[in-house]
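Worksheet: one structure, shown below.
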Amino acid sequence: MMNFEMTEEQRMFRESVRSFAERHLAEGALARAYQRKFPREIGALLADQGLMGITIPEDVGGVGGSLMDAVLAIETIASVCPRSADVVQAGNFGAIRTFGEYATVDQQKRFMDPLLTGEKIITVSMSEPEAGSAVTDLITSATPDGQGFRINGSKVFGSHSPEADLFLVYVRFGPGVNGIGSVIVERGMDGFTQGHPVRYLGGEEWAQLYFEDVYIGTENVILGKGGFKKQITGFNVERIGNSARSLALGQLAFDIARDHALVRRQFGRPLCEFQGLQWKFAELKVQLDSARLLLYRAAINADNGLPSAEETTMAKYACNLAGFSAANEAMQVLGAAGYSQDNLVEYCFRRTRGWQIAGGSIEMMKNRLAEIVFERRFPQRPPETK
């Protein structure tokens with residue numbers, strides 16, 4: 001028998017998070033959404049509430065909770081202050097989780113505490129000017145030098161990169177997929193520079209990173225040769241965080257539009273009495289609820305064992321589409337009010353659009369799902385000529 005209800009513990013957790021968010025995050029939510037800088041100050045508040053490091057084991061300083069707990073936290077925080085959900089994401093998914101899983105004891109002692117309190121930010125540096133979806137084409141190199149390595153190359157599109165303190169950099173120790181691993185680069189290291197910040201449509205900023213003979217001691221190597229497969233397997237879990245934010249902001253836009261349709265009157269009637277809008281909301285509810293079921297399945301099953309590439313891929317694809325569809329239609333329902341920056345719908349629209357690209361584009365998700373359906377690989381590279 002399948003149970004689609006939350007446990008009593010999960011309901012209590014969600015209610016606790018909502019109460020916290022309404023007390024501490026509701027005020028200033030709109031202004032926070034449009035501020036340029038990453039809201040570091042929110043990290044300390046979230047840490048005090050036990051919402052940073054939910055997915056990080058207790059023995060390395062985390063809470064030791066479940067992925068499902070982190071998903072509920074993101075959804076609940078986003079329903080009150082969507083920008084603060086980014087901090088929950090950064091404190092539970094992405095680079096910090098990879099770091100928590102593979103960092104040495106020494107690395108955890110040096111870096112984990114300030115990451116979990118929000119004092120410092122870590123970002124993944126994976127994409128390159130000529131290696132985006134084709135990540136195995138990366139050329140940033142790690143060349144042996146004495147007891148360490150010299151890093152040379154460039155990275156692009158890293159979230160929070162203009163402000164990050166630590167960079168989890170994918171590098172090439174040798175040829176082929178097995179030659180790829182990762183290192184920690186710290187801001188201020190000799191030879192490490194950044195270009196001018198570039199602003200995404202969603203409001204976040206990124207800066208191109210340049211590594212010119214940056215010396216990395218072995219104490220800053222996360223995974224050496226052969227580490228790529230471990231890192232990319234973990235990426236299946238990271239898609240859960242992307243999916244949760246996409247779905248959460250779509251749901252927020254839906255809720256704002258629903259409330260608007262109940263009170264806004266045109267031609268002497270509330271908007272909700274027009275069948276054209278009724279059908280919009282009916283369709284969106286099915287999309288959002290369906291995507292949520294796929295997301296919860298992926299999170300719960302990942303908690304119970306290895307993350308399923310099939311389930312996380314389906315969750316990301318569905319949540320990306322449902323989140324953006326809800327935000328897009330919500331903007332249409334609100335009209336000019338939704339298109340302006342004095343309303344969070346406009347913010348949700350821009351952010352949900354970006355998540356269809358970040359963390360694996362929806363096209364790449366479809367490619368992966370096709371391989372699962374037909375139980376064979378469909379390489380994107382052209383056949384080698386002999």
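We name chains A, B, ... following the order of the structure tokens; residues begin at 1 in each chain, and ligands are numbered from 1 as shown.
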
List every residue of segment 198-230 of chain A that DSSP, applied to the backbone of this structure, places in strand (DSSP E), and write the result as a CSV table (one decimal) with C-alpha atoms, in the first residue's frame.
```csv
chain,number,residue,atom,x,y,z
A,198,VAL,CA,27.6,39.6,-15.5
A,199,ARG,CA,23.9,39.7,-14.4
A,205,GLU,CA,25.4,37.4,-11.1
A,206,TRP,CA,28.3,35.3,-12.3
A,209,LEU,CA,37.1,32.8,-13.4
A,210,TYR,CA,40.8,32.7,-14.6
A,211,PHE,CA,43.4,30.4,-13.2
A,212,GLU,CA,47.0,31.2,-14.2
A,213,ASP,CA,49.4,28.8,-12.5
A,214,VAL,CA,47.4,28.7,-9.3
A,215,TYR,CA,49.2,26.5,-6.9
A,216,ILE,CA,47.0,23.9,-5.1
A,217,GLY,CA,48.5,21.8,-2.4
A,221,VAL,CA,42.4,18.2,-3.7
A,222,ILE,CA,38.9,16.9,-3.2
A,223,LEU,CA,38.9,14.1,-5.8
```

query = Neighbours of segment 103-119 of chain A within 6 Å (only C-alpha atoms; same-chain residues fewer than 6 positions away dropped), as a PyMOL selection string?
reply = chain A and resi 43-44+47+52-53+222

query = Near Asp289 of chain A, within 10 Å and counting only C-alpha atoms, which residues show up once chain neighbours fewer than 6 positions away are dropped, as a list of chain:residue names?
reply = A:Leu247, A:Gln251, A:Leu295, A:Cys319, A:Ala322

Just the selected residues (C-alpha atoms), exported as a PDB file, in the first residue's frame, please.
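Saved result, out_12.pdb, follows:
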```pdb
ATOM      1  CA  LEU A 247       8.395  24.078  -8.267  1.00  0.00           C
ATOM      2  CA  GLN A 251       3.546  27.443  -6.676  1.00  0.00           C
ATOM      3  CA  LEU A 295       9.934  15.359  -6.864  1.00  0.00           C
ATOM      4  CA  CYS A 319       9.317  20.723 -12.060  1.00  0.00           C
ATOM      5  CA  ALA A 322       5.483  23.219 -14.273  1.00  0.00           C
TER       6      ALA A 322
END
```

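Atom pair atom CA of Cys348 of chain A / atom CA of Leu72 of chain A: separated by 18.3 Å.
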
ask   = Skipping near chain neighbours, those fewer than 3 positions away, what residues fall within 8 Å of Leu30 of chain A using only C-alpha atoms, listed as a PyMOL selection string?
value = chain A and resi 33-34+81+342-344

key: Non-local contacts of segment 161-164 of chain A (6 Å; only C-alpha atoms; under 3 positions in same chain excluded) as a VMD selection string   = chain A and resid 121 to 122 158 206 to 207

I need the chosen residues saved as an mmCIF file, in the first residue's frame, with C-alpha atoms.
```cif
data_model
loop_
_atom_site.group_PDB
_atom_site.id
_atom_site.type_symbol
_atom_site.label_atom_id
_atom_site.label_comp_id
_atom_site.auth_asym_id
_atom_site.auth_seq_id
_atom_site.Cartn_x
_atom_site.Cartn_y
_atom_site.Cartn_z
ATOM 1 C CA ILE A 121 29.838 30.678 0.320
ATOM 2 C CA ILE A 122 31.050 27.795 -1.843
ATOM 3 C CA GLY A 158 29.082 29.775 -11.686
ATOM 4 C CA TRP A 206 28.316 35.328 -12.345
ATOM 5 C CA ALA A 207 31.879 36.196 -13.258
#
```

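Relative to atom CA of Ile240 of chain A, atom CA of Thr312 of chain A is found at 6.4 Å.
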
Which of segment 112-352 of chain A fall in helix (DSSP H, G or I), as an MDAnalysis selection string = chainID A and resid 112:116 135:137 177:179 218:220 228:263 271:273 275:303 309:337 344:352

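Compared by their closest atoms to Leu288 of chain A, and using only C-alpha atoms, the residues A:Ser133, A:Gln10, A:Ser66, A:Ser243 rank with A:Ser243 nearest.
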
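The interatomic distance for the pair atom CA of Met126 of chain A and atom CA of Val169 of chain A works out to 6.2 Å.
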
key: Residue among A:Lys230, A:His160, A:Lys155, A:Arg297 lying closest to Thr193 of chain A, counting only C-alpha atoms   = A:Lys155

Contact check, segment 46-73 of chain A to segment 84-100 of chain A, at most 7 Å, counting only C-alpha atoms, closest pairs as CSV:
```
residue,atom,partner,partner_atom,distance
A:Leu51,CA,A:Val88,CA,6.7
A:Met52,CA,A:Gly91,CA,4.8
A:Gly53,CA,A:Asn92,CA,5.2
A:Ile54,CA,A:Asn92,CA,6.0
A:Thr55,CA,A:Asn92,CA,5.5
A:Ile56,CA,A:Gly100,CA,6.2
A:Ala70,CA,A:Asn92,CA,6.9
```
